[in-house]
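Below is one structure, written out as structure tokens, with a few remarks after it.
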Amino acid sequence: MDLAEKVLDVVAAVDIVFWPVALDFKRRDVEEMADGAVAAAFVNGAIRTSEQEEMARLLRRKSKLLFAFGSCAHLGGIPGLANLSSRETILECVYGEGARPLAEWRDNGRTVTLPEFYDEVMALNQVVDVDYYIPGCPPTPKIVAQALEALLSGNMPEKGAVLAPDRALCEECPRRDTRPEKLALAGFKRPHEVLADPEQCLLAQGLVCMGPATRGGCEALCVQGNMPCSGCFGPTSRVRDYGGKALSALASMVDSNDAAEIERILQSVPDPTGTLYRYSLPSSLLRRKRAEVSHA
Amino acid sequence: MPETYEPRIVAFFCNWCTYLAADLAGTSRMKYAPNIRVIRLMCSGRVDPQFVLDAFAAGADGVLIGGCHPGDCHYQEGNYKTLRRFHLLKRVLLDMGIEEDRFRLEWISASEGDKVRTVVNDMVAKVRALGPLRRATPSTAVHEEVAAL
């Protein structure tokens, strides 16, 4: 958690019973607790292996409230882009032709196994029931602090809420007033191709900024650093498929009515799927690349 | 491929042109493949890419969008917006393993009942040749196993 010294206030207010990256608790410690004994669990990361799923289910069982913490748990995150490749393709790429890790090893009467590597990456709520979502890659200190304050004061919104404002990032962007009423672009640029003006709307400069489709609450930190929004806070509550909505916003800005010219302008977005679904492929409507199916 | 395979194609037709053309095809007693399920929208520009994604996710084998010819849009530029989105969405669908022939955009004016017939028949034939979309649903067996631990 990115709270800096504020984390001391948190420690003073609660008992931390499990924190694998910072404190030496073991999984056994959690297993030994009574079901529902933990007030709140913050779970980060997407689910790809059986071990991750076991942990998610264990924490769900032991906790009254389960928070999906960060883009991976919330929407599948960047690791979710692995859903553009099949499990076999990934194993082939990592281990090479025909070679595969030994999934099970017996020695002196003991059996050691590797976790199962699933067919696809899943967001946390595709495996267990999730109470609240803290968005962001990473969640910003302000968003985390607000979530903790709400939790400690018992002032939580309706179950299933994303704990960030339900409005598009453009609304809170410091460059909002420089955004033209109608955006018409003759081409899209990537950040390394242009020296961006630090005052003007990045979309107006031709940069692919996901602000119009992305939930606000981050205070436009990337834009303040002169980088376009890449969409880590995900969609607002009215949107079912983030990439679909972002696609709609982006394509509408193309300044041409001619099919060939439109095609040419859109070629300046080299990887539309990776751009539009950078953090959300597993939670999209299609979830993953269609598996090769035999028509036999 | 099972012999019973009949492609299911979701067709989004705009109220002012293509839907009227389909109506004309009907009143003119033209026969065309019965594989499309028509959804009437006020404008092809109303076709949110999410509708198309949702159709494929729900099991459609193809999606057809029909709108007014360029310059003829009742709302002036709705069909141009559709055209722009179509080109980008097509690339996303290809990345997701959905072939080009399964997603089609056609301009069909209210008087072109015959074009409805030609386009639908042609698309049904192509999607039939591609076979069912059959997006594999992930097996739940492994998750039930883990849940039981």
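We name chains A, B, ... following the order of the structure tokens; residues begin at 1 in each chain, and ligands are numbered from 1 as shown.
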- Message: Just want the 12 Å neighbourhood of Ser237 in chain A, counted on only C-alpha atoms, with same-chain residues fewer than 2 positions away dropped. Output as number ranges by chain.
- Response: A: 133, 160-168, 213-216, 233-235, 239-242
Per residue of chain B within 8 Å of chain A, record the nearest atom pair and its distance in Å to one decimal, counting only C-alpha atoms, with rows in chain order and ascending residue number, as JSON lines.
```
{"residue": "B:Met1", "atom": "CA", "partner": "A:His295", "partner_atom": "CA", "distance": 5.1}
{"residue": "B:Asp48", "atom": "CA", "partner": "A:Ser248", "partner_atom": "CA", "distance": 6.9}
{"residue": "B:Pro49", "atom": "CA", "partner": "A:Gly244", "partner_atom": "CA", "distance": 5.1}
{"residue": "B:Gln50", "atom": "CA", "partner": "A:Gly244", "partner_atom": "CA", "distance": 5.1}
{"residue": "B:Leu53", "atom": "CA", "partner": "A:Leu285", "partner_atom": "CA", "distance": 6.3}
{"residue": "B:Asp54", "atom": "CA", "partner": "A:Leu285", "partner_atom": "CA", "distance": 6.1}
{"residue": "B:Phe56", "atom": "CA", "partner": "A:Leu286", "partner_atom": "CA", "distance": 7.6}
{"residue": "B:Ala57", "atom": "CA", "partner": "A:Leu286", "partner_atom": "CA", "distance": 5.5}
{"residue": "B:Tyr80", "atom": "CA", "partner": "A:Asn257", "partner_atom": "CA", "distance": 5.7}
{"residue": "B:Lys81", "atom": "CA", "partner": "A:Ser252", "partner_atom": "CA", "distance": 5.4}
{"residue": "B:Leu83", "atom": "CA", "partner": "A:Ala259", "partner_atom": "CA", "distance": 7.1}
{"residue": "B:Arg84", "atom": "CA", "partner": "A:Ala251", "partner_atom": "CA", "distance": 5.4}
{"residue": "B:Arg85", "atom": "CA", "partner": "A:Ala251", "partner_atom": "CA", "distance": 5.1}
{"residue": "B:His87", "atom": "CA", "partner": "A:Glu263", "partner_atom": "CA", "distance": 6.4}
{"residue": "B:Leu88", "atom": "CA", "partner": "A:Leu266", "partner_atom": "CA", "distance": 6.8}
{"residue": "B:Leu89", "atom": "CA", "partner": "A:Leu247", "partner_atom": "CA", "distance": 7.3}
{"residue": "B:Arg91", "atom": "CA", "partner": "A:Pro272", "partner_atom": "CA", "distance": 7.2}
{"residue": "B:Val92", "atom": "CA", "partner": "A:Thr273", "partner_atom": "CA", "distance": 5.3}
{"residue": "B:Asp95", "atom": "CA", "partner": "A:Lys289", "partner_atom": "CA", "distance": 6.8}
{"residue": "B:Met96", "atom": "CA", "partner": "A:Lys289", "partner_atom": "CA", "distance": 4.0}
{"residue": "B:Gly97", "atom": "CA", "partner": "A:Arg290", "partner_atom": "CA", "distance": 5.1}
{"residue": "B:Ile98", "atom": "CA", "partner": "A:Arg290", "partner_atom": "CA", "distance": 7.2}
{"residue": "B:Gly131", "atom": "CA", "partner": "A:His295", "partner_atom": "CA", "distance": 7.4}
{"residue": "B:Arg134", "atom": "CA", "partner": "A:Val293", "partner_atom": "CA", "distance": 7.6}
{"residue": "B:Arg135", "atom": "CA", "partner": "A:Arg290", "partner_atom": "CA", "distance": 5.4}
{"residue": "B:Ala136", "atom": "CA", "partner": "A:Ala291", "partner_atom": "CA", "distance": 6.1}
{"residue": "B:Pro138", "atom": "CA", "partner": "A:Asp119", "partner_atom": "CA", "distance": 7.5}
{"residue": "B:His143", "atom": "CA", "partner": "A:Glu53", "partner_atom": "CA", "distance": 7.9}
{"residue": "B:Val146", "atom": "CA", "partner": "A:Glu54", "partner_atom": "CA", "distance": 6.1}
{"residue": "B:Ala147", "atom": "CA", "partner": "A:Arg57", "partner_atom": "CA", "distance": 6.9}
{"residue": "B:Leu149", "atom": "CA", "partner": "A:Glu54", "partner_atom": "CA", "distance": 7.8}
```
- Message: Could you check the closest approach to Cys201 in chain A for each of A:Leu221, A:Met227, A:Ala145, A:Ala37 and tell me which residue wins, using only C-alpha atoms?
- Response: A:Met227
- Task: Using DSSP on the backbone coordinates, identify the residues of range 22-265 of chain A assigned to helix (DSSP H, G or I); present them as a PyMOL selection string.
- Result: chain A and resi 27-31+50-62+71-75+78-84+87-95+124-126+141-152+169-172+176-178+191-193+211-213+221-224+242-252+259-265
- Task: Run DSSP on the backbone and grab whatever in range 24-118 of chain B lands in strand (DSSP E or B); send it over as an NGL selection string.
- Result: :B and (36-41 or 62-67 or 103-107)
How would the residues just picked look written out with C-alpha atoms as an mmCIF file, in the first residue's frame?
```cif
data_model
loop_
_atom_site.group_PDB
_atom_site.id
_atom_site.type_symbol
_atom_site.label_atom_id
_atom_site.label_comp_id
_atom_site.auth_asym_id
_atom_site.auth_seq_id
_atom_site.Cartn_x
_atom_site.Cartn_y
_atom_site.Cartn_z
ATOM 1 C CA ILE B 36 -30.988 -13.234 -39.320
ATOM 2 C CA ARG B 37 -32.611 -11.831 -36.208
ATOM 3 C CA VAL B 38 -33.342 -8.196 -36.954
ATOM 4 C CA ILE B 39 -33.088 -5.537 -34.278
ATOM 5 C CA ARG B 40 -34.393 -2.148 -35.324
ATOM 6 C CA LEU B 41 -32.548 0.918 -34.090
ATOM 7 C CA GLY B 62 -22.312 -13.265 -37.116
ATOM 8 C CA VAL B 63 -23.339 -9.625 -36.747
ATOM 9 C CA LEU B 64 -24.647 -7.482 -39.604
ATOM 10 C CA ILE B 65 -25.122 -3.727 -39.387
ATOM 11 C CA GLY B 66 -27.293 -2.012 -41.982
ATOM 12 C CA GLY B 67 -27.466 1.752 -42.356
ATOM 13 C CA PHE B 103 -18.933 -8.952 -38.962
ATOM 14 C CA ARG B 104 -20.315 -6.896 -41.797
ATOM 15 C CA LEU B 105 -21.472 -3.342 -42.460
ATOM 16 C CA GLU B 106 -23.720 -2.568 -45.438
ATOM 17 C CA TRP B 107 -25.429 0.549 -46.713
#
```
- Could you tell me which of B:Met42, B:Leu133, B:Ala110, B:Val119 comes closest to Pro7 in chain B if we count only C-alpha atoms?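 Smallest separation from Pro7 in chain B among the options: B:Leu133.
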- Query: Can you list, as a PyMOL selection string, every protein, DNA or RNA residue that comes within 7 Å of Ser283 in chain A when you count only C-alpha atoms, leaving out same-chain residues fewer than 4 positions away?
  - Reply: chain A and resi 75-76+123+287
Please produce an output containing C-alpha atoms for each residue in the selection, written as a PDB file, in the first residue's frame.
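File again_7.pdb, as written:
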```
ATOM      1  CA  LEU A  75     -10.664  -6.179 -14.028  1.00  0.00           C
ATOM      2  CA  GLY A  76      -7.947  -8.740 -14.782  1.00  0.00           C
ATOM      3  CA  ALA A 123     -10.610 -11.133 -12.457  1.00  0.00           C
ATOM      4  CA  ARG A 287     -13.055 -12.357 -22.000  1.00  0.00           C
TER       5      ARG A 287
END
```
- Query: What does the distance from CA of Val127 in chain B to CA of Val10 in chain B come to in Å, to one decimal?
  - Reply: 12.0 Å
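Using only C-alpha atoms for every distance, the candidate list B:Arg102, B:Ala11, B:Cys68, B:Arg46 yields B:Arg102 as the residue closest to Ala129 in chain B.
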